[in-house]
Amino acid sequence: MKIAVIGTGNIGAAYARALAQAQYEVVVGDREPGKAAALAQEIGAKVEGGGIAAAFKLADLVILAVPYQAVASVLATAGDASGKVLVDVSNPISEDFKDLAIGLTTSAAEQTQAAAPGAHVVKAFNTIFAGLVQQQAREGRKLQVFVAGDEPTATAKVRELAQTLGFVAVDAGALRNSRFLEPVGMMNIQFGFFLGAGPSTAPSWAHA
């Protein structure tokens with residue numbers, strides 16, 4: 001399975017590196033193709049880099065590692081996303097990182113699905129800080145990734161991906177449950193950056 005990572009910031013770079021380490025074929029896409037090419041060259045083997053439309057075309061699964069506010073422009077550039085699994089890792093936070101821009105009656109993931117109706121949108125990884133994406137950063141810890149989506153094959157692929165990256169994949173139900181997962185991600189940001197816990201914090205649920 002070839003995976004596209006859209007975005008070359010901290011989150012995009014973290015996923016591109018982790019996926020390459022896990023022996024996936026990776027293509028990095030960015031609105032500035034030169035940035036994607038530079039990141040791909042830095043990571044090395046099995047990683048390509050270029051524009052957003054090319055990355056979408058090459059990949060079966062696409063990780064949208066961009067802020068929520070940038071997703072619409074990414075999809076407008078991407079071309080036909082029909083049949084693709086789109087993994088929304090975003091939290092729709094305000095510019096000051098203190099509020100959700102949308103929530104409770106809809107979610108970033110549902111907005112992404114509405115913008116790409118032929119794709120299979122899956123919410124995942126929105127409670128994982130960039131510094132925890134690579135497995136060596138969480139040595140001795142089993143962090144959970146909550147996976148929500150409406151298409152069973154798509155959610156199964158994302159759960160398998162999370163497990164391959166060393167996370168515990170938790171089935172979080174339908175895509176509409178992103179309305180609840182995104183506030184959890186926002187609370188994690190509060191703990192991490194405003195309440196002193198630092199960027200190695202992550203939420204989990206205890207199962208009986």
# chains A, B, ... in the order shown; residues from 1 in each chain; ligands from 1
>>> residues_around(residues="Asn10 of chain A", least_positions_apart="5", cutoff="10 Å", atoms="only C-alpha atoms", output="MDAnalysis selection string")
chainID A and resid 15 65:66 129:131
>>> write_last_selection(atoms="C-alpha atoms", output="CSV table (one decimal), in the first residue's frame")
chain,number,residue,atom,x,y,z
A,15,TYR,CA,4.4,10.7,9.7
A,65,ALA,CA,-1.3,16.3,7.9
A,66,VAL,CA,-2.3,20.0,7.5
A,129,PHE,CA,1.4,15.1,19.2
A,130,ALA,CA,4.0,15.1,16.4
A,131,GLY,CA,6.8,14.2,18.8
>>> residues_around(residues="Ala54 of chain A", least_positions_apart="5", cutoff="10 Å", atoms="only C-alpha atoms", output="count of residues only")
11
>>> residues_around(residues="Pro152 of chain A", least_positions_apart="6", cutoff="12 Å", atoms="only C-alpha atoms", output="number ranges by chain")
A: 85, 120-122, 158-159, 171-175
>>> residues_around(residues="Ile3 of chain A", least_positions_apart="6", cutoff="6 Å", atoms="only C-alpha atoms", output="ChimeraX atom specification")
/A:26,59,61-62
>>> select_by_dssp(residues="segment 147-177 of chain A", states="strand (DSSP E)", output="PDB file with C-alpha atoms, in the first residue's frame")
ATOM      1  CA  VAL A 147     -10.264   5.478  14.749  1.00  0.00           C
ATOM      2  CA  ALA A 148     -13.710   6.632  13.576  1.00  0.00           C
ATOM      3  CA  GLY A 149     -15.258   6.182  10.144  1.00  0.00           C
ATOM      4  CA  VAL A 168      -3.044   0.519  20.189  1.00  0.00           C
ATOM      5  CA  ALA A 169      -5.870   1.034  17.695  1.00  0.00           C
ATOM      6  CA  VAL A 170      -9.268   1.666  19.282  1.00  0.00           C
ATOM      7  CA  ASP A 171     -12.467   1.392  17.232  1.00  0.00           C
TER       8      ASP A 171
END
>>> residues_around(residues="Lys35 of chain A", least_positions_apart="5", cutoff="12 Å", atoms="only C-alpha atoms", output="short mmCIF file (atom, residue, chain, number, x, y, z; two decimals) with all heavy atoms, in the first residue's frame")
data_model
loop_
_atom_site.label_atom_id
_atom_site.label_comp_id
_atom_site.auth_asym_id
_atom_site.auth_seq_id
_atom_site.Cartn_x
_atom_site.Cartn_y
_atom_site.Cartn_z
N ILE A 6 0.23 14.50 3.14
CA ILE A 6 0.08 15.86 2.62
C ILE A 6 0.47 16.84 3.71
O ILE A 6 -0.16 16.89 4.77
CB ILE A 6 -1.36 16.13 2.15
CG1 ILE A 6 -1.80 15.06 1.13
CG2 ILE A 6 -1.46 17.53 1.55
CD1 ILE A 6 -0.95 14.97 -0.11
N GLY A 7 1.52 17.60 3.45
CA GLY A 7 2.02 18.55 4.43
C GLY A 7 3.45 18.22 4.82
O GLY A 7 3.80 17.04 4.98
N THR A 8 4.26 19.26 4.97
CA THR A 8 5.68 19.07 5.31
C THR A 8 6.06 19.74 6.63
O THR A 8 7.24 19.92 6.92
CB THR A 8 6.57 19.62 4.19
OG1 THR A 8 6.24 21.00 3.94
CG2 THR A 8 6.40 18.82 2.90
N GLY A 9 5.05 20.12 7.42
CA GLY A 9 5.33 20.67 8.74
C GLY A 9 5.73 19.59 9.72
O GLY A 9 6.06 18.45 9.33
N GLY A 12 3.41 16.41 9.36
CA GLY A 12 3.64 15.70 8.10
C GLY A 12 4.99 15.02 8.06
O GLY A 12 5.11 13.86 7.65
N ALA A 13 6.03 15.73 8.49
CA ALA A 13 7.37 15.16 8.49
C ALA A 13 7.45 13.96 9.43
O ALA A 13 8.10 12.95 9.11
CB ALA A 13 8.39 16.22 8.89
N VAL A 28 5.22 12.21 -0.43
CA VAL A 28 4.92 13.44 0.29
C VAL A 28 4.42 14.47 -0.71
O VAL A 28 5.01 14.67 -1.77
CB VAL A 28 6.18 13.99 1.01
CG1 VAL A 28 5.83 15.27 1.76
CG2 VAL A 28 6.75 12.94 1.95
N GLY A 29 3.31 15.12 -0.36
CA GLY A 29 2.76 16.17 -1.21
C GLY A 29 2.67 17.48 -0.46
O GLY A 29 2.39 17.50 0.74
N ASP A 30 2.90 18.56 -1.18
CA ASP A 30 2.82 19.89 -0.57
C ASP A 30 2.45 20.90 -1.64
O ASP A 30 2.72 20.68 -2.83
CB ASP A 30 4.17 20.27 0.07
CG ASP A 30 4.06 21.45 1.03
OD1 ASP A 30 3.80 21.22 2.21
OD2 ASP A 30 4.21 22.60 0.57
N ALA A 40 11.43 14.40 1.17
CA ALA A 40 11.58 13.04 0.68
C ALA A 40 13.05 12.67 0.53
O ALA A 40 13.47 11.57 0.92
CB ALA A 40 10.86 12.90 -0.66
N GLN A 41 13.85 13.57 0.00
CA GLN A 41 15.28 13.31 -0.16
C GLN A 41 15.97 13.14 1.19
O GLN A 41 16.84 12.27 1.35
CB GLN A 41 15.93 14.44 -0.95
CG GLN A 41 17.40 14.20 -1.27
CD GLN A 41 17.99 15.29 -2.15
OE1 GLN A 41 17.46 16.39 -2.24
NE2 GLN A 41 19.08 14.98 -2.83
N GLU A 42 15.53 13.94 2.17
CA GLU A 42 16.11 13.84 3.51
C GLU A 42 15.81 12.49 4.14
O GLU A 42 16.68 11.88 4.78
CB GLU A 42 15.55 14.96 4.39
CG GLU A 42 16.00 14.93 5.83
CD GLU A 42 15.17 15.85 6.71
OE1 GLU A 42 14.74 16.91 6.24
OE2 GLU A 42 14.93 15.47 7.87
N GLU A 48 8.95 9.47 -2.10
CA GLU A 48 8.91 10.42 -3.21
C GLU A 48 8.32 11.72 -2.70
O GLU A 48 7.62 11.74 -1.68
CB GLU A 48 8.04 9.88 -4.34
CG GLU A 48 8.46 8.52 -4.89
CD GLU A 48 7.44 7.98 -5.88
OE1 GLU A 48 7.28 8.57 -6.95
OE2 GLU A 48 6.78 6.97 -5.54
N GLY A 49 8.54 12.81 -3.43
CA GLY A 49 7.98 14.08 -3.02
C GLY A 49 7.62 14.93 -4.21
O GLY A 49 8.30 14.91 -5.24
N GLY A 50 6.52 15.68 -4.10
CA GLY A 50 6.08 16.53 -5.20
C GLY A 50 4.83 17.30 -4.84
O GLY A 50 4.60 17.63 -3.67
N GLY A 51 3.99 17.55 -5.83
CA GLY A 51 2.78 18.32 -5.62
C GLY A 51 1.66 17.50 -5.02
O GLY A 51 1.73 16.27 -4.93
N ILE A 52 0.61 18.19 -4.62
CA ILE A 52 -0.52 17.54 -3.95
C ILE A 52 -1.27 16.61 -4.89
O ILE A 52 -1.57 15.46 -4.54
CB ILE A 52 -1.46 18.61 -3.36
CG1 ILE A 52 -0.78 19.31 -2.18
CG2 ILE A 52 -2.79 17.98 -2.92
CD1 ILE A 52 -1.52 20.52 -1.66
#
>>> closest_residue(among="A:Ala162, A:Met187, A:Ala72, A:Ala53", to="Leu19 of chain A", atoms="only C-alpha atoms")
A:Ala162
>>> residues_around(residues="Gln136 of chain A", least_positions_apart="3", cutoff="12 Å", atoms="only C-alpha atoms", output="number ranges by chain")
A: 14, 17-18, 21, 131-133, 139-142, 165-167
>>> atom_distance(atom1="atom CA of Phe191 of chain A", atom2="atom CA of Gln113 of chain A")
28.8 Å
